[in-house]
>>> print(open('query-v6.cif').read())   # mmCIF, C-alpha atoms and all ligand atoms
data_data
#
loop_
_atom_site.label_atom_id
_atom_site.label_comp_id
_atom_site.auth_asym_id
_atom_site.auth_seq_id
_atom_site.Cartn_x
_atom_site.Cartn_y
_atom_site.Cartn_z
CA LEU A 256 -4.68 -24.56 31.37
CA LEU A 257 -6.35 -25.54 34.62
CA PRO A 258 -5.04 -23.73 37.67
CA PHE A 259 -4.96 -27.04 39.54
CA ALA A 260 -4.62 -30.78 39.16
CA ASN A 261 -7.73 -32.85 38.64
CA VAL A 262 -6.91 -36.14 40.27
CA ALA A 263 -8.97 -39.07 39.14
CA LEU A 264 -8.56 -41.81 41.68
CA SER A 265 -8.03 -45.35 40.59
CA ARG A 266 -11.34 -47.12 40.37
CA VAL A 267 -9.86 -50.03 42.31
CA LEU A 268 -9.19 -47.73 45.25
CA ARG A 269 -12.67 -46.29 45.31
CA ARG A 270 -14.49 -46.70 48.56
CA ARG A 271 -17.89 -47.02 46.93
CA LYS A 272 -18.58 -48.82 43.73
CA ARG A 273 -21.83 -46.90 43.28
CA LEU A 274 -19.94 -43.66 42.73
CA ALA A 275 -17.04 -45.14 40.81
CA HIS A 276 -18.05 -43.27 37.68
CA LEU A 277 -17.30 -39.89 39.30
CA SER A 278 -13.83 -38.53 38.87
CA SER A 279 -13.65 -35.74 36.37
CA LEU A 280 -13.75 -32.02 36.65
CA GLN A 281 -16.96 -32.02 34.62
CA ASP A 282 -18.49 -34.32 37.26
CA ALA A 283 -17.58 -31.74 39.93
CA ILE A 284 -19.16 -28.96 37.90
CA ASN A 285 -22.33 -30.99 37.30
CA LEU A 286 -22.61 -31.91 40.98
CA LEU A 287 -22.22 -28.30 42.06
CA ARG A 288 -24.80 -27.17 39.53
CA ASP A 289 -27.38 -29.80 40.49
CA SER A 290 -27.00 -30.16 44.26
CA LYS A 291 -29.40 -28.35 46.53
CA ARG A 292 -28.21 -29.27 50.03
CA ILE A 293 -24.44 -29.00 50.09
CA ILE A 294 -22.33 -29.45 53.19
CA ILE A 295 -19.04 -27.57 53.06
CA LEU A 296 -16.43 -28.93 55.43
CA SER A 297 -13.68 -26.34 55.59
CA GLY A 298 -10.33 -25.94 57.29
CA ALA A 299 -7.40 -23.62 57.74
CA GLY A 300 -6.48 -23.85 54.02
CA ILE A 301 -9.30 -21.47 53.07
CA SER A 302 -7.79 -18.73 55.23
CA THR A 303 -4.11 -19.02 54.33
CA SER A 304 -4.59 -16.52 51.49
CA CYS A 305 -5.92 -14.08 54.10
CA GLY A 306 -2.55 -14.24 55.84
CA ILE A 307 -3.45 -16.74 58.57
CA PRO A 308 -1.09 -19.72 58.55
CA ASP A 309 -2.60 -23.20 58.78
CA PHE A 310 -1.28 -25.86 61.16
CA ARG A 311 0.33 -28.54 59.08
CA SER A 312 1.71 -26.98 55.87
CA SER A 313 5.48 -26.62 55.58
CA THR A 314 5.03 -22.91 56.38
CA GLY A 315 2.25 -23.53 58.90
CA LEU A 316 2.09 -22.79 62.62
CA TYR A 317 3.48 -26.16 63.69
CA ALA A 318 6.56 -25.70 61.49
CA GLN A 319 6.98 -22.14 62.79
CA LEU A 320 6.66 -23.23 66.41
CA GLN A 321 9.15 -26.03 65.81
CA ASP A 322 11.67 -23.75 64.08
CA GLU A 323 11.40 -20.83 66.46
CA GLY A 324 11.89 -23.00 69.53
CA GLU A 325 10.93 -19.85 71.44
CA TYR A 326 8.24 -21.50 73.50
CA GLU A 327 10.19 -24.62 74.52
CA LEU A 328 7.33 -26.94 73.66
CA ASP A 329 7.82 -30.73 73.63
CA ASP A 330 5.54 -30.78 70.60
CA PRO A 331 3.99 -27.83 68.66
CA GLN A 332 0.53 -29.27 69.31
CA GLN A 333 1.11 -28.56 73.01
CA MET A 334 0.36 -24.89 72.28
CA PHE A 335 -3.28 -25.90 71.85
CA ASP A 336 -3.44 -28.58 74.54
CA ILE A 337 -5.85 -27.88 77.39
CA ARG A 338 -3.71 -29.58 80.07
CA TYR A 339 -0.67 -27.55 79.08
CA PHE A 340 -2.78 -24.39 78.96
CA ARG A 341 -3.97 -24.95 82.53
CA GLU A 342 -0.37 -25.40 83.67
CA ARG A 343 1.23 -22.63 81.65
CA PRO A 344 -1.36 -20.19 80.23
CA GLU A 345 1.35 -17.55 79.77
CA VAL A 346 2.82 -19.60 76.89
CA PHE A 347 -0.41 -19.47 74.88
CA TYR A 348 -0.92 -15.79 75.70
CA SER A 349 2.58 -14.89 74.60
CA PHE A 350 1.73 -16.42 71.21
CA ALA A 351 -2.03 -15.80 70.75
CA LYS A 352 -1.76 -12.42 69.08
CA GLN A 353 -0.25 -14.13 66.03
CA ILE A 354 -3.53 -15.93 65.36
CA TYR A 355 -5.98 -13.38 66.75
CA PRO A 356 -8.36 -12.45 63.92
CA SER A 357 -8.16 -8.70 64.31
CA ASN A 358 -7.21 -7.62 60.87
CA PHE A 359 -8.04 -10.33 58.37
CA PHE A 360 -10.63 -10.31 55.60
CA PRO A 361 -12.55 -13.12 53.84
CA SER A 362 -10.94 -14.97 50.94
CA PRO A 363 -12.63 -15.85 47.63
CA CYS A 364 -13.37 -19.25 49.25
CA HIS A 365 -15.32 -17.65 52.09
CA ARG A 366 -17.18 -15.54 49.57
CA TRP A 367 -17.85 -18.64 47.44
CA ILE A 368 -19.49 -20.31 50.44
CA LYS A 369 -21.62 -17.20 50.85
CA LEU A 370 -22.51 -17.46 47.15
CA LEU A 371 -23.72 -21.04 47.66
CA GLU A 372 -25.81 -19.85 50.59
CA ASP A 373 -27.29 -17.00 48.55
CA ARG A 374 -28.09 -19.47 45.77
CA GLY A 375 -30.01 -21.57 48.31
CA GLN A 376 -27.64 -24.53 47.89
CA LEU A 377 -25.84 -24.51 51.23
CA LEU A 378 -27.11 -26.89 53.88
CA ARG A 379 -24.37 -25.95 56.32
CA ASN A 380 -20.73 -24.94 56.48
CA TYR A 381 -18.91 -27.00 59.10
CA THR A 382 -15.78 -24.99 59.66
CA GLN A 383 -12.85 -26.03 61.78
CA ASN A 384 -11.57 -22.49 61.62
CA ILE A 385 -11.58 -20.18 64.58
CA ASP A 386 -11.03 -16.97 62.64
CA THR A 387 -14.76 -16.10 62.18
CA LEU A 388 -14.12 -15.07 58.57
CA GLU A 389 -17.25 -16.97 57.51
CA ASN A 390 -19.28 -14.55 59.64
CA LEU A 391 -17.45 -11.62 58.15
CA ALA A 392 -18.27 -12.93 54.66
CA GLY A 393 -21.94 -12.99 55.69
CA VAL A 394 -22.38 -16.78 55.85
CA THR A 395 -25.14 -17.55 58.35
CA LYS A 396 -25.47 -21.32 58.00
CA VAL A 397 -22.11 -21.93 59.61
CA LEU A 398 -21.10 -24.10 62.52
CA GLN A 399 -17.77 -23.18 64.06
CA CYS A 400 -16.96 -26.70 65.17
CA HIS A 401 -13.84 -25.66 67.09
CA GLY A 402 -15.35 -22.50 68.53
CA SER A 403 -13.87 -19.07 67.96
CA PHE A 404 -12.35 -16.01 69.55
CA SER A 405 -15.77 -14.32 69.60
CA THR A 406 -16.30 -15.33 73.24
CA ALA A 407 -14.05 -16.42 76.11
CA SER A 408 -14.77 -18.24 79.36
CA CYS A 409 -13.34 -18.60 82.83
CA LEU A 410 -11.92 -22.07 83.35
CA ARG A 411 -12.97 -21.91 86.99
CA CYS A 412 -16.46 -20.38 87.29
CA LYS A 413 -17.35 -20.74 83.57
CA THR A 414 -18.45 -17.10 83.27
CA ARG A 415 -18.51 -16.23 79.56
CA VAL A 416 -17.43 -12.82 78.30
CA PRO A 417 -17.41 -11.27 74.82
CA GLY A 418 -14.12 -11.97 73.00
CA PRO A 419 -13.14 -8.29 72.71
CA THR A 420 -12.96 -8.16 76.53
CA ILE A 421 -9.71 -10.11 76.42
CA GLU A 422 -8.34 -8.56 73.22
CA PRO A 423 -6.17 -6.03 75.12
CA TYR A 424 -4.64 -8.93 77.09
CA ILE A 425 -3.94 -10.89 73.92
CA MET A 426 -2.31 -7.87 72.33
CA ALA A 427 -0.31 -7.14 75.49
CA GLN A 428 0.62 -10.85 75.77
CA LYS A 429 -0.79 -11.06 79.29
CA VAL A 430 -2.96 -13.73 80.90
CA PRO A 431 -6.49 -12.47 81.65
CA TYR A 432 -8.00 -13.56 84.97
CA CYS A 433 -11.68 -13.69 85.72
CA GLY A 434 -13.30 -10.56 87.10
CA THR A 435 -16.31 -12.53 88.37
CA CYS A 436 -14.06 -14.88 90.36
CA ARG A 437 -12.18 -11.90 91.73
CA GLU A 438 -15.41 -10.20 92.81
CA THR A 439 -16.67 -13.41 94.41
CA ARG A 440 -13.40 -13.82 96.26
CA ASP A 441 -13.32 -10.20 97.39
CA ARG A 442 -16.94 -10.36 98.49
CA GLY A 443 -16.21 -13.54 100.45
CA LEU A 444 -13.15 -12.00 102.08
CA GLU A 445 -15.14 -8.89 102.90
CA ILE A 446 -17.88 -10.94 104.55
CA ARG A 447 -15.25 -12.85 106.49
CA ARG A 448 -13.63 -9.66 107.72
CA ALA A 449 -16.99 -8.18 108.67
CA ARG A 450 -17.95 -11.29 110.62
CA LYS A 451 -14.68 -11.30 112.52
CA GLU A 452 -15.10 -7.68 113.31
CA ALA A 453 -18.67 -8.24 114.50
CA ALA A 454 -17.58 -11.20 116.60
CA LYS A 455 -14.83 -9.21 118.24
CA LYS A 456 -17.16 -6.37 118.98
CA SER A 457 -19.85 -8.49 120.54
CA LYS A 458 -17.14 -10.44 122.39
CA LEU A 459 -18.43 -13.72 121.07
CA LYS A 460 -15.00 -15.28 121.45
CA GLY A 461 -16.05 -18.88 120.97
CA LYS A 462 -17.87 -18.04 117.78
CA ALA A 463 -15.00 -15.88 116.52
CA LYS A 464 -12.60 -18.76 117.00
CA GLU A 465 -14.84 -21.02 115.03
CA TRP A 466 -14.92 -18.51 112.17
CA ASP A 467 -11.18 -17.99 112.32
CA SER A 468 -10.48 -21.63 111.76
CA GLY A 469 -13.11 -22.07 109.06
CA SER A 470 -12.21 -22.23 105.38
CA GLU A 471 -12.91 -19.33 103.05
CA GLU A 472 -15.49 -21.48 101.36
CA GLU A 473 -17.50 -21.77 104.56
CA ASP A 474 -17.01 -18.11 105.31
CA SER A 475 -17.94 -16.69 102.00
CA ASP A 476 -21.64 -16.81 102.70
CA GLY A 477 -22.74 -18.56 99.55
CA SER A 478 -19.92 -17.28 97.37
CA GLU A 479 -18.54 -20.86 97.06
CA TRP A 480 -15.08 -19.52 96.75
CA GLY A 481 -12.61 -22.37 97.31
CA GLY A 482 -9.50 -20.29 97.83
CA GLY A 483 -6.62 -19.69 95.45
CA GLU A 484 -6.41 -17.32 92.49
CA PRO A 485 -9.29 -16.25 90.22
CA GLY A 486 -9.77 -18.47 87.16
CA ILE A 487 -7.90 -18.00 83.90
CA ILE A 488 -9.98 -16.75 80.98
CA LYS A 489 -9.54 -18.82 77.83
CA PRO A 490 -10.87 -17.95 74.37
CA ASP A 491 -13.70 -20.34 73.47
CA ILE A 492 -11.64 -22.16 70.87
CA THR A 493 -11.54 -25.92 71.29
CA PHE A 494 -8.16 -27.13 72.46
CA PHE A 495 -6.88 -30.67 72.11
CA GLY A 496 -8.36 -32.57 75.06
CA GLN A 497 -11.62 -30.59 75.05
CA ALA A 498 -14.93 -31.96 73.82
CA LEU A 499 -16.79 -30.31 70.97
CA ASP A 500 -20.03 -28.52 71.66
CA SER A 501 -23.01 -30.88 71.48
CA GLU A 502 -24.36 -28.72 68.64
CA PHE A 503 -21.89 -30.48 66.34
CA ASP A 504 -23.49 -33.91 66.88
CA GLN A 505 -27.00 -32.47 66.76
CA CYS A 506 -26.42 -30.70 63.44
CA LEU A 507 -24.69 -33.68 61.88
CA PHE A 508 -27.45 -36.03 63.00
CA LYS A 509 -29.99 -33.82 61.25
CA ASP A 510 -27.93 -32.86 58.19
CA ARG A 511 -26.91 -36.40 57.29
CA GLU A 512 -30.54 -37.06 56.34
CA GLU A 513 -30.65 -34.12 53.95
CA VAL A 514 -27.20 -33.61 52.42
CA ASP A 515 -26.79 -34.33 48.72
CA LEU A 516 -23.14 -33.25 48.22
CA LEU A 517 -20.14 -32.92 50.52
CA VAL A 518 -17.44 -30.43 49.53
CA ILE A 519 -14.28 -30.53 51.65
CA ILE A 520 -11.96 -27.54 51.30
CA GLY A 521 -8.56 -26.69 52.75
CA THR A 522 -8.19 -29.30 55.45
CA SER A 523 -5.78 -32.14 56.15
CA LEU A 524 -8.65 -34.06 57.77
CA LYS A 525 -6.38 -34.93 60.68
CA VAL A 526 -8.49 -33.61 63.56
CA ALA A 527 -11.29 -35.83 64.88
CA PRO A 528 -14.22 -35.77 65.28
CA VAL A 529 -14.68 -33.26 62.44
CA SER A 530 -12.59 -35.41 60.12
CA GLU A 531 -15.11 -38.20 60.73
CA VAL A 532 -17.93 -36.25 59.10
CA LEU A 533 -17.03 -38.16 55.94
CA THR A 534 -17.90 -41.47 57.51
CA HIS A 535 -21.09 -40.18 59.13
CA ILE A 536 -22.87 -39.10 56.00
CA PRO A 537 -24.50 -41.70 53.74
CA HIS A 538 -22.21 -43.45 51.29
CA SER A 539 -24.43 -42.47 48.41
CA VAL A 540 -23.54 -38.78 48.89
CA PRO A 541 -20.74 -37.71 46.51
CA GLN A 542 -17.65 -36.03 47.95
CA ILE A 543 -15.46 -33.38 46.30
CA PHE A 544 -12.12 -32.65 47.96
CA ILE A 545 -10.35 -29.37 47.19
CA ASN A 546 -6.91 -28.97 48.75
CA LEU A 547 -3.33 -27.94 48.09
CA THR A 548 -1.97 -31.33 49.10
CA PRO A 549 -3.47 -34.81 48.78
CA VAL A 550 -4.66 -36.80 51.78
CA HIS A 551 -4.03 -40.50 51.83
CA HIS A 552 -6.27 -41.75 54.64
CA VAL A 553 -9.57 -41.01 52.87
CA GLN A 554 -10.70 -41.53 49.30
CA PRO A 555 -13.11 -38.82 48.21
CA ASP A 556 -14.78 -39.29 44.82
CA ILE A 557 -13.24 -36.24 43.19
CA CYS A 558 -9.98 -34.60 44.23
CA LEU A 559 -9.09 -31.17 42.91
CA LEU A 560 -5.58 -30.32 44.04
CA GLY A 561 -4.31 -26.77 44.07
CA ASP A 562 -5.00 -23.40 45.57
CA ALA A 563 -8.58 -23.39 46.87
CA ASP A 564 -9.31 -19.79 45.82
CA SER A 565 -8.22 -20.52 42.23
CA ILE A 566 -10.22 -23.73 42.13
CA VAL A 567 -13.52 -22.27 43.35
CA THR A 568 -13.03 -19.28 41.06
CA TYR A 569 -12.46 -21.61 38.11
CA LEU A 570 -15.47 -23.77 38.98
CA SER A 571 -17.66 -20.70 39.34
CA THR A 572 -16.58 -19.37 35.96
CA GLN A 573 -17.45 -22.71 34.38
CA LEU A 574 -20.83 -22.61 36.08
CA GLY A 575 -21.49 -19.01 35.05
CA TRP A 576 -21.53 -17.93 38.69
CA THR A 577 -19.97 -14.76 40.04
CA ILE A 578 -18.25 -14.82 43.40
CA PRO A 579 -19.29 -11.67 45.22
CA PRO A 580 -16.50 -9.10 45.35
CA PRO A 581 -14.95 -8.26 48.70
CA SER A 582 -17.22 -5.88 50.51
CA VAL A 583 -16.31 -3.33 53.10
CA VAL A 584 -16.52 -5.32 56.29
CA VAL A 585 -16.15 -4.14 59.81
CA HIS A 586 -14.61 -6.39 62.40
CA PRO A 587 -16.94 -6.83 65.35
P1 LIG B 1 -4.24 -28.20 58.73
O1 LIG B 1 -4.06 -29.54 59.35
O2 LIG B 1 -3.18 -27.21 58.93
O3 LIG B 1 -4.49 -28.46 57.18
C1 LIG B 1 -4.66 -27.39 56.28
C2 LIG B 1 -4.73 -27.97 54.89
O4 LIG B 1 -5.00 -26.89 54.02
C3 LIG B 1 -3.44 -28.62 54.42
O5 LIG B 1 -3.71 -29.91 53.94
C4 LIG B 1 -2.94 -27.70 53.30
O6 LIG B 1 -2.36 -28.41 52.24
C5 LIG B 1 -4.21 -27.03 52.87
N1 LIG B 1 -4.00 -25.71 52.31
C6 LIG B 1 -3.18 -24.72 52.76
N2 LIG B 1 -3.27 -23.63 51.97
C7 LIG B 1 -4.17 -23.94 50.99
C8 LIG B 1 -4.69 -23.25 49.88
N3 LIG B 1 -4.30 -21.99 49.58
N4 LIG B 1 -5.58 -23.87 49.10
C9 LIG B 1 -5.98 -25.13 49.37
N5 LIG B 1 -5.52 -25.84 50.41
C10 LIG B 1 -4.64 -25.25 51.23
O7 LIG B 1 -5.61 -27.53 59.23
P2 LIG B 1 -7.04 -28.20 59.41
O8 LIG B 1 -8.00 -27.11 59.24
O9 LIG B 1 -7.18 -29.42 58.64
O10 LIG B 1 -6.97 -28.64 60.95
C11 LIG B 1 -7.93 -28.28 61.85
C12 LIG B 1 -7.38 -27.34 62.91
C13 LIG B 1 -6.64 -26.18 62.33
C14 LIG B 1 -8.52 -26.70 63.64
O11 LIG B 1 -8.50 -27.08 64.97
C15 LIG B 1 -8.35 -25.20 63.51
O12 LIG B 1 -8.76 -24.51 64.64
C16 LIG B 1 -6.92 -25.03 63.24
N6 LIG B 1 -6.49 -23.77 62.61
C17 LIG B 1 -7.39 -22.82 62.22
C18 LIG B 1 -6.94 -21.66 61.62
C19 LIG B 1 -7.94 -20.60 61.24
O13 LIG B 1 -8.95 -20.44 61.90
N7 LIG B 1 -7.71 -19.90 60.14
C20 LIG B 1 -5.58 -21.47 61.40
C21 LIG B 1 -4.69 -22.46 61.81
C22 LIG B 1 -5.17 -23.61 62.41
#
>>> encode(input="query-v6.cif", output="structure tokens")
Amino acid sequence: LLPFANVALSRVLRRRKRLAHLSSLQDAINLLRDSKRIIILSGAGISTSCGIPDFRSSTGLYAQLQDEGEYELDDPQQMFDIRYFRERPEVFYSFAKQIYPSNFFPSPCHRWIKLLEDRGQLLRNYTQNIDTLENLAGVTKVLQCHGSFSTASCLRCKTRVPGPTIEPYIMAQKVPYCGTCRETRDRGLEIRRARKEAAKKSKLKGKAKEWDSGSEEEDSDGSEWGGGEPGIIKPDITFFGQALDSEFDQCLFKDREEVDLLVIIGTSLKVAPVSEVLTHIPHSVPQIFINLTPVHHVQPDICLLGDADSIVTYLSTQLGWTIPPPSVVVHP
């Protein structure tokens, strides 16, 4: 018995007549055996077995946020919306520890991707995941399209800090503010105070008045502080409303010339522009889709529906490959 459903799409529905002959499990096995430059496009479904909920499953984060009602969101997606975050960062920080990748370990899927890399067959893993489990599995040819918790940046001055710097704030459910902004502000205020003091002392009243009425920005002697509070630090995960790093386009532009197989695993393909990878690679490149639930807005050549870990394990067995066992990994 197969641990999953092998869905052969109707030939009429096929997007490309050239590949209309592909549909069976044996085709998937042959493609995996013969391909040398595979793109893996992965999503939250490859990490659910690690204990990290996805977004859109019935037990996923959106359903949880909807049911709990704790955060009073108009829409669960708001939790990851950059405009909402700027207005109410405390909402995200009261929730973030639930998705913070502090104690999760790679799944068989992550280790399968590493196996493909070790076999010299992986062109690149485009992951939408922010959990960095690909890194923990040892995959090096990985592009974290939606960023990760491994770094965080100030929304105001853009200073970037290592992710662990804000870990205590995430765990304590507090909003971290930027130390660099704070220093700049304090330095500016200090300069302003010193100038006032100097002006008073030298009885340069006219000059002192001018300084008194000036803005902090003018007074801060190059600090460019515009007043207000220091910036909020946000993990460098891409929120809705934020552009992807230009590396995504650059890699795709290059990889589309080389790829010979696209394997899509554990994603609903609902989030653009990553979901559009399918349309950006040449039509002659076969596509295998491995997921718990079907998607209806795209027509990959081969759909294998079921638990992704079971499917890649089954495929590997058929191919005579061994997925590396979990190794002792240390979270950075
Ligand atoms: P999604 O829209 O929640 O879709 C996940 C898909 O995975 C669904 O179609 C599920 O049916 C499928 N799935 C769930 N469990 C399994 C399983 N065991 N085997 C096979 N398939 C399974 O998530 P997407 O990744 O498509 O959406 C992109 C979002 C999700 C990105 O912006 C991510 O940052 C975000 N996200 C990431 C994580 C993570 O890093 N682990 C967790 C939750 C959300």
>>> residues_near_ligand(input="query-v6.cif", ligand="ligand LIG 1 (chain B)", cutoff="6 Å", atoms="all atoms listed in the file", output="PyMOL selection string")
chain A and resi 298-304+307-312+383-386+401+521-526+546-548+561-563
>>> closest_residue(input="query-v6.cif", among="A:Ala283, A:Val416, A:Ile293, A:Cys433", to="Ile487 (chain A)", atoms="only C-alpha atoms")
A:Cys433
>>> residues_around(input="query-v6.cif", residues="Met334 (chain A)", least_positions_apart="3", cutoff="9 Å", atoms="all atoms listed in the file", output="PDB file with C-alpha atoms, in the coordinates of the input")
ATOM      1  CA  LEU A 320       6.660 -23.230  66.410  1.00  0.00           C
ATOM      2  CA  TYR A 326       8.240 -21.500  73.500  1.00  0.00           C
ATOM      3  CA  LEU A 328       7.330 -26.940  73.660  1.00  0.00           C
ATOM      4  CA  ASP A 330       5.540 -30.780  70.600  1.00  0.00           C
ATOM      5  CA  PRO A 331       3.990 -27.830  68.660  1.00  0.00           C
ATOM      6  CA  ILE A 337      -5.850 -27.880  77.390  1.00  0.00           C
ATOM      7  CA  TYR A 339      -0.670 -27.550  79.080  1.00  0.00           C
ATOM      8  CA  PHE A 340      -2.780 -24.390  78.960  1.00  0.00           C
ATOM      9  CA  VAL A 346       2.820 -19.600  76.890  1.00  0.00           C
ATOM     10  CA  PHE A 347      -0.410 -19.470  74.880  1.00  0.00           C
ATOM     11  CA  PHE A 350       1.730 -16.420  71.210  1.00  0.00           C
ATOM     12  CA  PHE A 494      -8.160 -27.130  72.460  1.00  0.00           C
TER      13      PHE A 494
END
>>> residues_near_point(input="query-v6.cif", point="(-25.7, -15.6, 52.0)", cutoff="7 Å", atoms="all atoms listed in the file", output="list in words")
Lys369, Leu370, Glu372, Asp373, Gly393, Val394 and Thr395 of chain A
>>> residues_near_point(input="query-v6.cif", point="(-17.5, -21.8, 47.5)", cutoff="9 Å", atoms="only C-alpha atoms", output="VMD selection string")
chain A and resid 295 363 to 371 518 520 564 567 to 568 570 to 571 578
>>> atom_distance(input="query-v6.cif", atom1="CA of Gln428 (chain A)", atom2="CA of Thr414 (chain A)")
21.4 Å
>>> residues_around(input="query-v6.cif", residues="Met426 (chain A)", least_positions_apart="6", cutoff="9 Å", atoms="only C-alpha atoms", output="list in words")
Tyr348, Ser349, Ala351, Lys352 and Tyr355 of chain A
>>> closest_residue(input="query-v6.cif", among="A:Leu378, A:Ala318, A:Leu398, A:Cys305", to="Glu502 (chain A)", atoms="all atoms listed in the file")
A:Leu398
>>> atom_distance(input="query-v6.cif", atom1="CA of Gly324 (chain A)", atom2="CA of Lys489 (chain A)")
23.4 Å
>>> build_atoms(input="query-v6.cif", residues="region 552-571 of chain A", atoms="N, CA and C atoms", output="PDB file, keeping the file's coordinate frame")
ATOM      1  N   HIS A 552      -5.487 -40.869  53.762  1.00  0.00           N
ATOM      2  CA  HIS A 552      -6.270 -41.750  54.640  1.00  0.00           C
ATOM      3  C   HIS A 552      -7.765 -41.752  54.299  1.00  0.00           C
ATOM      4  N   VAL A 553      -8.173 -40.938  53.339  1.00  0.00           N
ATOM      5  CA  VAL A 553      -9.570 -41.010  52.870  1.00  0.00           C
ATOM      6  C   VAL A 553      -9.555 -41.007  51.345  1.00  0.00           C
ATOM      7  N   GLN A 554     -10.618 -41.501  50.766  1.00  0.00           N
ATOM      8  CA  GLN A 554     -10.700 -41.530  49.300  1.00  0.00           C
ATOM      9  C   GLN A 554     -11.970 -40.836  48.823  1.00  0.00           C
ATOM     10  N   PRO A 555     -11.920 -39.509  48.731  1.00  0.00           N
ATOM     11  CA  PRO A 555     -13.110 -38.820  48.210  1.00  0.00           C
ATOM     12  C   PRO A 555     -13.306 -39.181  46.730  1.00  0.00           C
ATOM     13  N   ASP A 556     -14.501 -38.918  46.216  1.00  0.00           N
ATOM     14  CA  ASP A 556     -14.780 -39.290  44.820  1.00  0.00           C
ATOM     15  C   ASP A 556     -13.989 -38.453  43.843  1.00  0.00           C
ATOM     16  N   ILE A 557     -13.938 -37.143  44.115  1.00  0.00           N
ATOM     17  CA  ILE A 557     -13.240 -36.240  43.190  1.00  0.00           C
ATOM     18  C   ILE A 557     -12.253 -35.412  43.986  1.00  0.00           C
ATOM     19  N   CYS A 558     -10.986 -35.428  43.557  1.00  0.00           N
ATOM     20  CA  CYS A 558      -9.980 -34.600  44.230  1.00  0.00           C
ATOM     21  C   CYS A 558      -9.510 -33.516  43.274  1.00  0.00           C
ATOM     22  N   LEU A 559      -9.594 -32.278  43.708  1.00  0.00           N
ATOM     23  CA  LEU A 559      -9.090 -31.170  42.910  1.00  0.00           C
ATOM     24  C   LEU A 559      -7.954 -30.550  43.716  1.00  0.00           C
ATOM     25  N   LEU A 560      -6.734 -30.751  43.244  1.00  0.00           N
ATOM     26  CA  LEU A 560      -5.580 -30.320  44.040  1.00  0.00           C
ATOM     27  C   LEU A 560      -5.004 -29.016  43.522  1.00  0.00           C
ATOM     28  N   GLY A 561      -4.869 -28.064  44.427  1.00  0.00           N
ATOM     29  CA  GLY A 561      -4.310 -26.770  44.070  1.00  0.00           C
ATOM     30  C   GLY A 561      -4.781 -25.725  45.058  1.00  0.00           C
ATOM     31  N   ASP A 562      -4.588 -24.481  44.694  1.00  0.00           N
ATOM     32  CA  ASP A 562      -5.000 -23.400  45.570  1.00  0.00           C
ATOM     33  C   ASP A 562      -6.537 -23.290  45.568  1.00  0.00           C
ATOM     34  N   ALA A 563      -7.111 -23.318  46.761  1.00  0.00           N
ATOM     35  CA  ALA A 563      -8.580 -23.390  46.870  1.00  0.00           C
ATOM     36  C   ALA A 563      -9.263 -22.173  46.235  1.00  0.00           C
ATOM     37  N   ASP A 564      -8.686 -20.994  46.412  1.00  0.00           N
ATOM     38  CA  ASP A 564      -9.310 -19.790  45.820  1.00  0.00           C
ATOM     39  C   ASP A 564      -9.367 -19.922  44.296  1.00  0.00           C
ATOM     40  N   SER A 565      -8.256 -20.391  43.705  1.00  0.00           N
ATOM     41  CA  SER A 565      -8.220 -20.520  42.230  1.00  0.00           C
ATOM     42  C   SER A 565      -9.223 -21.570  41.779  1.00  0.00           C
ATOM     43  N   ILE A 566      -9.325 -22.640  42.547  1.00  0.00           N
ATOM     44  CA  ILE A 566     -10.220 -23.730  42.130  1.00  0.00           C
ATOM     45  C   ILE A 566     -11.681 -23.287  42.175  1.00  0.00           C
ATOM     46  N   VAL A 567     -12.087 -22.659  43.287  1.00  0.00           N
ATOM     47  CA  VAL A 567     -13.520 -22.270  43.350  1.00  0.00           C
ATOM     48  C   VAL A 567     -13.820 -21.164  42.334  1.00  0.00           C
ATOM     49  N   THR A 568     -12.822 -20.333  42.064  1.00  0.00           N
ATOM     50  CA  THR A 568     -13.030 -19.280  41.060  1.00  0.00           C
ATOM     51  C   THR A 568     -13.214 -19.924  39.679  1.00  0.00           C
ATOM     52  N   TYR A 569     -12.364 -20.915  39.394  1.00  0.00           N
ATOM     53  CA  TYR A 569     -12.460 -21.610  38.110  1.00  0.00           C
ATOM     54  C   TYR A 569     -13.817 -22.321  37.972  1.00  0.00           C
ATOM     55  N   LEU A 570     -14.199 -23.042  39.026  1.00  0.00           N
ATOM     56  CA  LEU A 570     -15.470 -23.770  38.980  1.00  0.00           C
ATOM     57  C   LEU A 570     -16.637 -22.801  38.767  1.00  0.00           C
ATOM     58  N   SER A 571     -16.573 -21.678  39.451  1.00  0.00           N
ATOM     59  CA  SER A 571     -17.660 -20.700  39.340  1.00  0.00           C
ATOM     60  C   SER A 571     -17.738 -20.159  37.915  1.00  0.00           C
TER      61      SER A 571
END
